[in-house]
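What's in my_file02.txt: compact mmCIF, C-alpha atoms
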```txt
# COMPACT_ATOMS: atom_id res chain seq x y z
CA MET N 15 -40.49 -37.30 -92.37
CA LYS N 16 -37.78 -35.39 -90.50
CA VAL N 17 -34.24 -34.68 -91.73
CA VAL N 18 -31.57 -32.98 -89.60
CA TYR N 19 -28.28 -31.81 -91.10
CA THR N 20 -25.66 -29.10 -91.04
CA LEU N 21 -25.60 -26.77 -94.03
CA SER N 22 -22.08 -25.62 -94.88
CA GLU N 23 -20.23 -23.42 -97.33
CA ASP N 24 -19.34 -26.56 -99.31
CA ASP N 25 -23.05 -27.24 -99.85
CA TYR N 26 -23.47 -23.79 -101.42
CA ILE N 27 -20.43 -24.43 -103.60
CA ALA N 28 -21.87 -27.79 -104.68
CA PHE N 29 -25.13 -26.14 -105.74
CA ASN N 30 -23.39 -23.41 -107.74
CA LEU N 31 -21.12 -25.91 -109.48
CA PHE N 32 -24.10 -28.13 -110.29
CA TYR N 33 -26.03 -25.17 -111.63
CA ALA N 34 -23.09 -24.00 -113.77
CA ARG N 35 -22.58 -27.47 -115.28
CA HIS N 36 -26.24 -27.51 -116.36
CA ASP N 37 -26.61 -23.87 -117.41
CA PRO N 38 -26.56 -23.49 -121.23
CA ALA N 39 -25.17 -19.94 -121.08
CA PHE N 40 -22.29 -21.02 -118.83
CA ILE N 41 -21.53 -24.03 -121.04
CA ARG N 42 -21.51 -21.79 -124.15
CA ARG N 43 -19.14 -19.36 -122.43
CA VAL N 44 -16.70 -22.14 -121.50
CA ARG N 45 -16.82 -23.63 -125.01
CA LEU N 46 -16.30 -20.22 -126.61
CA LEU N 47 -13.33 -19.53 -124.34
CA GLN N 48 -11.86 -22.96 -125.15
CA CYS N 49 -12.26 -22.47 -128.91
CA ALA N 50 -10.97 -18.89 -128.90
CA GLY N 51 -7.94 -19.71 -126.78
CA ALA N 52 -7.05 -22.84 -128.74
CA GLY N 53 -7.57 -20.99 -132.03
CA ALA N 54 -5.33 -18.14 -130.85
CA LEU N 55 -2.56 -20.57 -129.87
CA ILE N 56 -2.75 -22.36 -133.23
CA ALA N 57 -2.74 -19.02 -135.10
CA LEU N 58 0.26 -17.94 -133.02
CA GLY N 59 2.05 -21.17 -133.98
CA LEU N 60 1.36 -20.53 -137.67
CA ALA N 61 2.52 -16.90 -137.36
CA VAL N 62 5.72 -17.87 -135.55
CA GLY N 63 6.39 -20.58 -138.15
CA ALA N 64 5.75 -18.20 -141.03
CA GLY N 65 8.04 -15.59 -139.48
CA ARG N 66 10.88 -18.12 -139.32
CA GLY N 67 10.60 -19.19 -142.91
CA GLY N 68 8.17 -22.07 -142.60
CA VAL N 69 6.10 -24.11 -140.22
CA THR N 70 7.97 -27.13 -138.87
CA PRO N 71 6.04 -30.19 -137.73
CA GLY N 72 7.76 -30.13 -134.34
CA GLY N 73 7.03 -26.44 -133.79
CA MET N 74 3.40 -26.82 -134.80
CA ALA N 75 3.04 -29.91 -132.58
CA LEU N 76 4.18 -27.78 -129.65
CA PHE N 77 1.47 -25.18 -130.30
CA LEU N 78 -1.16 -27.89 -130.85
CA LEU N 79 -0.20 -29.44 -127.52
CA ALA N 80 -0.48 -26.01 -125.86
CA ALA N 81 -3.94 -25.58 -127.45
CA LEU N 82 -5.05 -28.99 -126.15
CA LEU N 83 -3.77 -28.21 -122.65
CA PHE N 84 -5.61 -24.87 -122.74
CA VAL N 85 -8.88 -26.61 -123.71
CA LEU N 86 -8.44 -29.02 -120.77
CA TYR N 87 -7.46 -26.21 -118.37
CA VAL N 88 -10.44 -23.89 -118.92
CA PRO N 89 -13.15 -25.97 -117.15
CA ASN N 90 -10.93 -26.42 -114.09
CA GLN N 91 -10.24 -22.69 -114.01
CA GLU N 92 -13.96 -21.91 -114.27
CA LYS N 93 -14.67 -24.34 -111.41
CA SER N 94 -12.04 -22.60 -109.28
CA THR N 95 -13.54 -19.21 -110.15
CA ILE N 96 -17.01 -20.35 -109.04
CA GLU N 97 -15.62 -21.73 -105.77
CA LYS N 98 -13.83 -18.45 -105.01
CA TRP N 99 -16.93 -16.42 -105.90
CA VAL N 100 -19.16 -18.49 -103.60
CA ARG N 101 -16.65 -18.32 -100.73
CA ARG N 102 -16.55 -14.52 -101.07
CA MET N 103 -20.34 -14.35 -101.18
CA VAL N 104 -20.63 -16.53 -98.07
CA ASP N 105 -18.06 -14.40 -96.24
CA LYS N 106 -19.95 -11.19 -97.10
CA LYS N 107 -23.41 -12.55 -96.35
CA ALA N 108 -22.57 -14.95 -93.54
CA ASP N 109 -25.17 -13.38 -91.26
CA SER N 110 -28.02 -13.63 -93.78
CA LEU N 111 -27.28 -17.12 -95.17
CA PRO N 112 -28.91 -20.04 -93.38
CA MET N 113 -25.84 -22.05 -92.42
CA GLY N 114 -25.42 -24.42 -89.54
CA GLU N 115 -27.86 -26.98 -88.24
CA ARG N 116 -31.16 -27.30 -90.09
CA THR N 117 -34.21 -29.43 -89.59
CA ILE N 118 -36.64 -30.19 -92.38
CA PHE N 119 -40.07 -31.67 -91.80
CA LEU N 120 -41.80 -33.05 -94.88
CA SER N 121 -45.55 -33.51 -94.60
CA ASP N 122 -48.18 -34.32 -97.21
CA ASP N 123 -48.62 -30.70 -98.23
CA GLU N 124 -45.61 -28.67 -97.08
CA LEU N 125 -41.92 -28.52 -96.28
CA LYS N 126 -41.10 -26.85 -92.96
CA ILE N 127 -37.51 -25.67 -92.55
CA SER N 128 -36.19 -24.72 -89.10
CA ASP N 129 -32.75 -23.24 -88.51
CA ALA N 130 -31.05 -20.52 -86.46
CA SER N 131 -32.74 -17.80 -88.53
CA GLY N 132 -36.24 -19.09 -87.79
CA GLU N 133 -38.84 -21.22 -89.45
CA GLN N 134 -40.00 -21.24 -93.06
CA LYS N 135 -42.93 -23.11 -94.57
CA ILE N 136 -42.97 -23.98 -98.26
CA PRO N 137 -46.07 -25.58 -99.74
CA LEU N 138 -45.17 -28.57 -101.91
CA SER N 139 -47.04 -26.89 -104.74
CA GLY N 140 -44.51 -24.04 -104.42
CA ILE N 141 -41.56 -26.30 -105.29
CA SER N 142 -40.82 -25.79 -108.97
CA SER N 143 -38.00 -28.32 -109.37
CA THR N 144 -36.45 -31.15 -107.43
CA VAL N 145 -33.07 -32.47 -108.54
CA ARG N 146 -31.04 -35.30 -107.08
CA ALA N 147 -27.34 -34.81 -107.77
CA LYS N 148 -24.43 -36.99 -106.73
CA LYS N 149 -24.30 -35.81 -103.10
CA HIS N 150 -27.25 -33.40 -102.70
CA LEU N 151 -30.92 -32.75 -103.30
CA PHE N 152 -31.63 -29.29 -104.73
CA LEU N 153 -35.16 -27.94 -104.37
CA THR N 154 -36.05 -24.74 -106.20
CA THR N 155 -39.13 -22.83 -105.13
CA ALA N 156 -41.42 -20.72 -107.29
CA GLU N 157 -39.74 -17.66 -105.70
CA LYS N 158 -36.36 -18.91 -107.04
CA GLU N 159 -35.05 -19.83 -103.61
CA VAL N 160 -32.96 -22.97 -103.31
CA VAL N 161 -33.08 -25.54 -100.54
CA VAL N 162 -29.90 -27.65 -100.43
CA ILE N 163 -30.06 -31.01 -98.63
CA PRO N 164 -26.92 -33.17 -98.43
CA LEU N 165 -27.70 -36.83 -99.12
CA ALA N 166 -25.50 -37.70 -96.13
CA ALA N 167 -28.30 -36.32 -93.93
CA PHE N 168 -30.38 -39.43 -94.57
CA ASP N 169 -29.89 -42.52 -92.45
CA SER N 170 -30.22 -44.89 -95.40
CA PRO N 171 -30.74 -44.88 -99.16
CA ASP N 172 -34.32 -46.00 -98.50
CA ASP N 173 -34.97 -42.90 -96.36
CA GLU N 174 -33.47 -40.74 -99.09
CA GLN N 175 -35.67 -42.38 -101.74
CA ALA N 176 -38.81 -42.05 -99.60
CA PHE N 177 -38.11 -38.33 -99.05
CA TYR N 178 -37.32 -37.76 -102.72
CA SER N 179 -40.41 -39.66 -103.89
CA ALA N 180 -42.64 -37.47 -101.72
CA LEU N 181 -41.36 -34.30 -103.44
CA PRO N 182 -42.88 -32.93 -106.66
CA ASN N 183 -41.01 -32.56 -109.96
CA GLY N 184 -38.22 -35.05 -109.24
CA GLU N 185 -35.58 -35.48 -111.91
CA SER N 186 -32.26 -37.33 -111.91
CA PRO N 187 -29.87 -35.76 -114.43
CA ASP N 188 -26.46 -37.16 -115.28
CA ARG N 189 -24.52 -36.95 -112.10
```
Show this structure as C-alpha cells.
Amino acid sequence: MKVVYTLSEDDYIAFNLFYARHDPAFIRRVRLLQCAGAGALIALGLAVGAGRGGVTPGGMALFLLAALLFVLYVPNQEKSTIEKWVRRMVDKKADSLPMGERTIFLSDDELKISDASGEQKIPLSGISSTVRAKKHLFLTTAEKEVVVIPLAAFDSPDDEQAFYSALPNGESPDR
C-alpha cells in the first residue's frame, strides 16, 4: 500500500500535543500547577479578608472565581507553550527535519519512507507502537523515532483502516 502526503509543522505540533495529553508526568505537572495556583488564590482571598476584619462572602466568591478561572486557564497555557516550543524547534532544525512531501510504502514486512532527505526502511517488527488519534497515525519505532501520518493522506476511511490494520501494535485511545 502506498500513501503520499505532505508533512508540515502542524503535524509535529499535533504529535507533541497528543504525547503531552497522554504523558503521566506532564498531566501531573499541569494538575500540580492548577492546584497550587488555585490554592494560592484562595489563601490570598482569606488573607485579604482577615486583614480587613473578616472574610465577606462576596470577596471570597471573587477569589474562588479567580481560582476557577486559573484552573481552566492552565491547560490552554500549556498547550500554547508546547506549540511555541515545537515551532522554535522546527525553525532551528528545519534542515534536519523531514518536512514536505513524503511517500510511504507498506509491505508485508517493512515500511519504506521516501522524502527529500532520502529513503528509510523500517521493519514492521521495529515498530513499537501504533496509535490512531483524531487526525493522525503515530508510529513509534524501537529507536524512539516517530513517523507521523495525517489521516487526510488516505483516499477513504477504508484505505486508512486497511493501512492501520496491517501495522503492529495498533491502539485507539480516547481521541
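Closest approach to Asn183 of chain N from the set N:Ile163, N:Ile141, N:Leu125, N:Ala61 is made by N:Ile141, with distances taken over all atoms listed in the file.
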Report task. Can you work out the spacing between atom CA of Val85 of chain N and atom CA of His36 of chain N in Å, to one decimal? Result -> 18.9 Å
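Across the model, the gap from atom CA of Tyr19 of chain N to atom CA of Thr117 of chain N is 6.6 Å.
If only C-alpha atoms are the atoms counted, then among N:Phe77, N:Phe152, N:Phe177, N:Phe84 the closest residue to Gly63 of chain N is N:Phe77.
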Query raised in the report: atom CA of Gly73 of chain N and atom CA of Gly53 of chain N are how many Å apart?
Result: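 Computing it gives 15.7 Å between the two atoms.
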Query - For Pro89 of chain N: contacts at 12 Å, only C-alpha atoms, fewer than 5 positions along chain excluded, given as number ranges by chain - result: N: 31, 34-35, 40-48, 83-84, 94-96
Output of the above residues as a PDB file, keeping the file's coordinate frame, restricted to C-alpha atoms:
```pdb
ATOM      1  CA  LEU N  31     -21.120 -25.910-109.480  1.00  0.00           C
ATOM      2  CA  ALA N  34     -23.090 -24.000-113.770  1.00  0.00           C
ATOM      3  CA  ARG N  35     -22.580 -27.470-115.280  1.00  0.00           C
ATOM      4  CA  PHE N  40     -22.290 -21.020-118.830  1.00  0.00           C
ATOM      5  CA  ILE N  41     -21.530 -24.030-121.040  1.00  0.00           C
ATOM      6  CA  ARG N  42     -21.510 -21.790-124.150  1.00  0.00           C
ATOM      7  CA  ARG N  43     -19.140 -19.360-122.430  1.00  0.00           C
ATOM      8  CA  VAL N  44     -16.700 -22.140-121.500  1.00  0.00           C
ATOM      9  CA  ARG N  45     -16.820 -23.630-125.010  1.00  0.00           C
ATOM     10  CA  LEU N  46     -16.300 -20.220-126.610  1.00  0.00           C
ATOM     11  CA  LEU N  47     -13.330 -19.530-124.340  1.00  0.00           C
ATOM     12  CA  GLN N  48     -11.860 -22.960-125.150  1.00  0.00           C
ATOM     13  CA  LEU N  83      -3.770 -28.210-122.650  1.00  0.00           C
ATOM     14  CA  PHE N  84      -5.610 -24.870-122.740  1.00  0.00           C
ATOM     15  CA  SER N  94     -12.040 -22.600-109.280  1.00  0.00           C
ATOM     16  CA  THR N  95     -13.540 -19.210-110.150  1.00  0.00           C
ATOM     17  CA  ILE N  96     -17.010 -20.350-109.040  1.00  0.00           C
TER      18      ILE N  96
END
```
Query raised in the report: From the list N:Gly114, N:Glu159, N:Gly140, N:Phe119, which residue is nearest Leu21 of chain N when using all atoms listed in the file?
Result: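 Using all atoms listed in the file, Leu21 of chain N sits closest to N:Gly114.
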List as a PDB file with C-alpha atoms, in the coordinates of the input the residues having at least one atom at most 8 Å from position (-48.4, -25.7, -99.5) as given in the file, counting only C-alpha atoms.
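Final file, selection_38.pdb:
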```pdb
ATOM      1  CA  ASP N 123     -48.620 -30.700 -98.230  1.00  0.00           C
ATOM      2  CA  GLU N 124     -45.610 -28.670 -97.080  1.00  0.00           C
ATOM      3  CA  LEU N 125     -41.920 -28.520 -96.280  1.00  0.00           C
ATOM      4  CA  LYS N 135     -42.930 -23.110 -94.570  1.00  0.00           C
ATOM      5  CA  ILE N 136     -42.970 -23.980 -98.260  1.00  0.00           C
ATOM      6  CA  PRO N 137     -46.070 -25.580 -99.740  1.00  0.00           C
ATOM      7  CA  LEU N 138     -45.170 -28.570-101.910  1.00  0.00           C
ATOM      8  CA  SER N 139     -47.040 -26.890-104.740  1.00  0.00           C
ATOM      9  CA  GLY N 140     -44.510 -24.040-104.420  1.00  0.00           C
TER      10      GLY N 140
END
```
Query raised in the report: Which is closest to Leu58 of chain N among N:Ala39, N:Ala130, N:Leu78, N:Ala28, if we use all atoms listed in the file?
Result: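 Checking each of N:Ala39, N:Ala130, N:Leu78, N:Ala28 against Leu58 of chain N, counting all atoms listed in the file, the winner is N:Leu78.
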Query raised in the report: Nearest to Val162 of chain N among N:Ala50, N:Val69, N:Met113, N:Leu181, with distances taken over only C-alpha atoms: which residue is it?
Result: N:Met113
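Distance annotation: of N:Ala81, N:Ala156, N:Ala147, N:Asp129, the residue with the minimal separation from Leu55 of chain N is N:Ala81; atom set is only C-alpha atoms.
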**Report entry** Contacts of Arg101 of chain N at 9 Å (only C-alpha atoms; same-chain gap of 5+ positions) as a list in words
**Finding:**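 Residues near the query, excluding close chain neighbours: Glu23, Asp24, Tyr26, Ile27, Ile96 and Lys106 of chain N.
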Query raised in the report: Counting all atoms listed in the file, which residues come within 9 Å of (-26.7, -36.1, -105.7), with the point read in the file's coordinates, and could you list them as a PyMOL selection string?
Result: chain N and resi 145-152+164-165+186+189
Requested in this report: For Gly132 of chain N, please output as a ChimeraX atom specification all residues within 10 Å (counting only C-alpha atoms; exclusion window: fewer than 3 positions along the same chain).
Outcome: /N:112,116,127-129
Save segment 59-73 of chain N from what I just supplied, as a short mmCIF file (atom, residue, chain, number, x, y, z; two decimals), in the first residue's frame, atoms limited to N, CA, C and O atoms.
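As a result, decode07.cif now contains:
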```cif
data_model
loop_
_atom_site.label_atom_id
_atom_site.label_comp_id
_atom_site.auth_asym_id
_atom_site.auth_seq_id
_atom_site.Cartn_x
_atom_site.Cartn_y
_atom_site.Cartn_z
N GLY N 59 -7.22 35.22 49.16
CA GLY N 59 -8.55 35.73 49.50
C GLY N 59 -8.81 35.70 51.00
O GLY N 59 -9.36 36.65 51.57
N LEU N 60 -8.40 34.62 51.64
CA LEU N 60 -8.56 34.51 53.10
C LEU N 60 -7.69 35.53 53.82
O LEU N 60 -8.13 36.16 54.80
N ALA N 61 -6.46 35.73 53.34
CA ALA N 61 -5.55 36.69 53.97
C ALA N 61 -6.06 38.12 53.80
O ALA N 61 -6.03 38.92 54.74
N VAL N 62 -6.54 38.45 52.60
CA VAL N 62 -7.08 39.79 52.38
C VAL N 62 -8.31 40.01 53.26
O VAL N 62 -8.47 41.07 53.87
N GLY N 63 -9.17 38.99 53.34
CA GLY N 63 -10.37 39.10 54.18
C GLY N 63 -10.02 39.25 55.64
O GLY N 63 -10.61 40.06 56.36
N ALA N 64 -9.04 38.51 56.11
CA ALA N 64 -8.63 38.58 57.51
C ALA N 64 -8.00 39.94 57.81
O ALA N 64 -8.17 40.49 58.90
N GLY N 65 -7.28 40.49 56.87
CA GLY N 65 -6.64 41.79 57.05
C GLY N 65 -7.65 42.93 57.10
O GLY N 65 -7.37 44.00 57.63
N ARG N 66 -8.83 42.72 56.57
CA ARG N 66 -9.86 43.76 56.55
C ARG N 66 -10.90 43.55 57.65
O ARG N 66 -11.95 44.18 57.62
N GLY N 67 -10.64 42.63 58.52
CA GLY N 67 -11.55 42.45 59.64
C GLY N 67 -12.54 41.31 59.46
O GLY N 67 -13.39 41.10 60.31
N GLY N 68 -12.44 40.57 58.42
CA GLY N 68 -13.33 39.42 58.23
C GLY N 68 -13.53 39.11 56.76
O GLY N 68 -13.46 39.98 55.90
N VAL N 69 -13.77 37.85 56.50
CA VAL N 69 -13.98 37.40 55.13
C VAL N 69 -15.44 37.61 54.77
O VAL N 69 -16.34 37.13 55.45
N THR N 70 -15.68 38.35 53.71
CA THR N 70 -17.06 38.56 53.25
C THR N 70 -17.38 37.53 52.17
O THR N 70 -16.50 37.13 51.41
N PRO N 71 -18.62 37.11 52.10
CA PRO N 71 -18.98 36.12 51.07
C PRO N 71 -18.69 36.63 49.65
O PRO N 71 -18.21 35.88 48.80
N GLY N 72 -18.97 37.89 49.40
CA GLY N 72 -18.73 38.46 48.07
C GLY N 72 -17.25 38.48 47.74
O GLY N 72 -16.84 38.17 46.62
N GLY N 73 -16.42 38.88 48.69
CA GLY N 73 -14.98 38.93 48.48
C GLY N 73 -14.40 37.55 48.25
O GLY N 73 -13.57 37.35 47.37
#
```
